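What follows is target36.pdb (PDB, C-alpha atoms, pLDDT in the B column).
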MODEL        1
ATOM      1  CA  HIS A  30      38.735 -32.740  38.913  1.00 53.00           C
ATOM      2  CA  PHE A  31      36.134 -32.037  41.570  1.00 56.00           C
ATOM      3  CA  GLY A  32      35.966 -29.287  44.159  1.00 56.00           C
ATOM      4  CA  ALA A  33      33.882 -28.980  47.272  1.00 57.00           C
ATOM      5  CA  SER A  34      33.892 -26.484  50.088  1.00 56.00           C
ATOM      6  CA  VAL A  35      33.070 -27.273  53.673  1.00 55.00           C
ATOM      7  CA  ILE A  36      32.602 -24.005  55.485  1.00 54.00           C
ATOM      8  CA  HIS A  37      32.610 -25.026  59.143  1.00 59.00           C
ATOM      9  CA  GLY A  38      34.902 -27.546  60.768  1.00 57.00           C
ATOM     10  CA  HIS A  39      32.047 -29.111  62.752  1.00 61.00           C
ATOM     11  CA  VAL A  40      30.544 -30.300  59.477  1.00 67.00           C
ATOM     12  CA  ALA A  41      33.762 -32.097  58.514  1.00 70.00           C
ATOM     13  CA  ASN A  42      32.668 -35.474  59.901  1.00 76.00           C
ATOM     14  CA  PHE A  43      29.465 -35.332  57.862  1.00 78.00           C
ATOM     15  CA  ALA A  44      31.465 -34.304  54.785  1.00 77.00           C
ATOM     16  CA  LEU A  45      33.832 -37.245  55.242  1.00 81.00           C
ATOM     17  CA  THR A  46      30.838 -39.586  55.349  1.00 85.00           C
ATOM     18  CA  VAL A  47      29.545 -38.051  52.119  1.00 86.00           C
ATOM     19  CA  PHE A  48      32.929 -38.396  50.384  1.00 86.00           C
ATOM     20  CA  GLN A  49      33.259 -42.001  51.575  1.00 89.00           C
ATOM     21  CA  ARG A  50      29.900 -42.765  49.989  1.00 91.00           C
ATOM     22  CA  LEU A  51      30.796 -40.905  46.776  1.00 90.00           C
ATOM     23  CA  VAL A  52      33.972 -42.966  46.411  1.00 90.00           C
ATOM     24  CA  LYS A  53      32.010 -46.171  46.917  1.00 92.00           C
ATOM     25  CA  GLU A  54      29.220 -45.195  44.508  1.00 91.00           C
ATOM     26  CA  CYS A  55      31.639 -44.056  41.792  1.00 89.00           C
ATOM     27  CA  ASP A  56      33.683 -47.276  41.901  1.00 91.00           C
ATOM     28  CA  ARG A  57      31.896 -49.130  39.121  1.00 91.00           C
ATOM     29  CA  ASN A  58      32.471 -50.884  35.839  1.00 94.00           C
ATOM     30  CA  TYR A  59      30.391 -49.836  32.879  1.00 91.00           C
ATOM     31  CA  GLU A  60      30.043 -51.814  29.668  1.00 94.00           C
ATOM     32  CA  LYS A  61      29.140 -50.379  26.298  1.00 90.00           C
ATOM     33  CA  ASP A  62      29.351 -52.358  23.080  1.00 94.00           C
ATOM     34  CA  GLY A  63      31.578 -54.967  24.721  1.00 94.00           C
ATOM     35  CA  VAL A  64      34.030 -52.422  26.108  1.00 95.00           C
ATOM     36  CA  VAL A  65      34.367 -52.316  29.910  1.00 96.00           C
ATOM     37  CA  ILE A  66      35.265 -48.993  31.473  1.00 93.00           C
ATOM     38  CA  ASN A  67      36.237 -48.732  35.142  1.00 91.00           C
ATOM     39  CA  VAL A  68      35.203 -45.479  36.789  1.00 90.00           C
ATOM     40  CA  SER A  69      36.496 -44.359  40.168  1.00 89.00           C
ATOM     41  CA  ALA A  70      36.765 -41.107  42.095  1.00 90.00           C
ATOM     42  CA  SER A  71      39.434 -39.327  44.109  1.00 90.00           C
ATOM     43  CA  PHE A  72      38.845 -36.360  46.395  1.00 89.00           C
ATOM     44  CA  GLY A  73      41.063 -33.972  48.313  1.00 89.00           C
ATOM     45  CA  ILE A  74      39.330 -32.134  51.128  1.00 87.00           C
ATOM     46  CA  ALA A  75      40.178 -28.878  52.889  1.00 86.00           C
ATOM     47  CA  VAL A  76      37.938 -27.305  55.529  1.00 83.00           C
ATOM     48  CA  ALA A  77      37.521 -23.578  56.179  1.00 82.00           C
ATOM     49  CA  PRO A  78      38.582 -21.922  58.384  1.00 83.00           C
ATOM     50  CA  ASP A  79      40.811 -24.705  59.752  1.00 84.00           C
ATOM     51  CA  HIS A  80      42.844 -25.131  56.565  1.00 87.00           C
ATOM     52  CA  GLY A  81      42.510 -21.656  55.068  1.00 89.00           C
ATOM     53  CA  VAL A  82      40.027 -18.911  54.409  1.00 89.00           C
ATOM     54  CA  THR A  83      40.581 -17.984  50.789  1.00 91.00           C
ATOM     55  CA  TYR A  84      39.650 -20.015  47.746  1.00 89.00           C
ATOM     56  CA  GLU A  85      43.316 -20.193  46.779  1.00 92.00           C
ATOM     57  CA  GLU A  86      44.414 -21.574  50.169  1.00 93.00           C
ATOM     58  CA  LEU A  87      41.663 -24.168  50.324  1.00 90.00           C
ATOM     59  CA  SER A  88      42.017 -25.177  46.691  1.00 90.00           C
ATOM     60  CA  GLN A  89      45.789 -25.611  46.979  1.00 92.00           C
ATOM     61  CA  LYS A  90      45.492 -27.781  50.101  1.00 92.00           C
ATOM     62  CA  ALA A  91      42.639 -29.861  48.704  1.00 90.00           C
ATOM     63  CA  ASP A  92      44.652 -30.366  45.519  1.00 91.00           C
ATOM     64  CA  GLU A  93      47.657 -31.581  47.563  1.00 92.00           C
ATOM     65  CA  MET A  94      45.425 -34.195  49.162  1.00 91.00           C
ATOM     66  CA  LEU A  95      43.881 -35.165  45.824  1.00 91.00           C
ATOM     67  CA  LEU A  96      47.336 -35.807  44.392  1.00 91.00           C
ATOM     68  CA  ALA A  97      48.274 -37.858  47.474  1.00 91.00           C
ATOM     69  CA  VAL A  98      45.213 -40.078  46.971  1.00 90.00           C
ATOM     70  CA  LYS A  99      46.037 -40.527  43.296  1.00 89.00           C
ATOM     71  CA  ARG A 100      49.639 -41.493  44.147  1.00 92.00           C
ATOM     72  CA  GLU A 101      48.424 -44.077  46.654  1.00 89.00           C
ATOM     73  CA  ASN A 102      45.644 -45.923  44.875  1.00 82.00           C
ATOM     74  CA  LYS A 103      43.756 -43.652  42.468  1.00 81.00           C
ATOM     75  CA  LYS A 104      40.506 -43.782  44.406  1.00 87.00           C
ATOM     76  CA  GLY A 105      39.525 -42.524  47.795  1.00 90.00           C
ATOM     77  CA  TYR A 106      39.630 -39.300  49.738  1.00 89.00           C
ATOM     78  CA  ARG A 107      41.920 -37.506  52.129  1.00 89.00           C
ATOM     79  CA  LEU A 108      41.286 -34.633  54.496  1.00 87.00           C
ATOM     80  CA  TYR A 109      44.066 -32.047  54.587  1.00 89.00           C
ATOM     81  CA  GLN A 110      46.537 -32.464  57.398  1.00 82.00           C
ATOM     82  CA  GLN A 111      49.572 -30.340  57.938  1.00 66.00           C
ATOM     83  CA  ILE A 112      52.711 -32.420  57.599  1.00 57.00           C
ATOM     84  CA  SER A 113      56.104 -31.421  58.893  1.00 41.00           C
ATOM     85  CA  ALA A 114      58.944 -30.922  56.418  1.00 42.00           C
ATOM     86  CA  ASP A 115      60.646 -34.166  57.439  1.00 40.00           C
ATOM     87  CA  LYS A 116      57.628 -36.353  56.632  1.00 44.00           C
ATOM     88  CA  GLU A 117      56.200 -37.368  53.276  1.00 45.00           C
ATOM     89  CA  LEU A 118      52.509 -37.751  52.465  1.00 45.00           C
TER
ENDMDL
END
Using the file provided, produce a representation of the structure as structure tokens.
Amino acid sequence: HFGASVIHGHVANFALTVFQRLVKECDRNYEKDGVVINVSASFGIAVAPDHGVTYEELSQKADEMLLAVKRENKKGYRLYQQISADKEL
């Protein structure tokens, strides 16, 4: 589990570039003693103050996005977006 805070919304584009690179760099196979281990990364992102101001608000929303990424393909990132009750992630 990984957490990151982006304080200002205007930095969000830079943060997305960083997370895109992290996902790419973490997607590797490692071999040790003939055993291959695939490592990948998933990130959920929430930006203050757009998505909340408290740790709890931001953490909960970032965690929602992290779980959505894991349901989809187990690697990648997703920025929080408010979704209406009639839509699924």
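Put simply, the PyMOL selection byres ((chain A and resi 44-60) around 9) on this file hits Val35, Val40, Ala41, Asn42, Phe43, Lys61, Asp62, Gly63, Val64, Val65, Ile66, Asn67, Val68, Ser69, Ala70, Ser71, Phe72, Ile74, Lys104, Gly105, Tyr106, Arg107 and Leu108 of chain A.
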Counting all atoms listed in the file, closest pick from A:Gln110, A:Gln89, A:Leu95, A:Arg100 relative to Gly73 (chain A) is A:Leu95
- prompt: Residues picked by the PyMOL selection byres ((chain A and resi 80) around 10) here, as a ChimeraX atom specification?
  reply: /A:38,74-79,81-83,86-88,90-91,108-111
What are the centre and edge lengths in Å, to one decimal, of the axis-aligned box around all listed atoms of region 44-62 of chain A with 8 Å added on each side, as JSON?
{"center_x": 31.6, "center_y": -43.3, "center_z": 39.2, "size_x": 20.8, "size_y": 34.1, "size_z": 48.3}
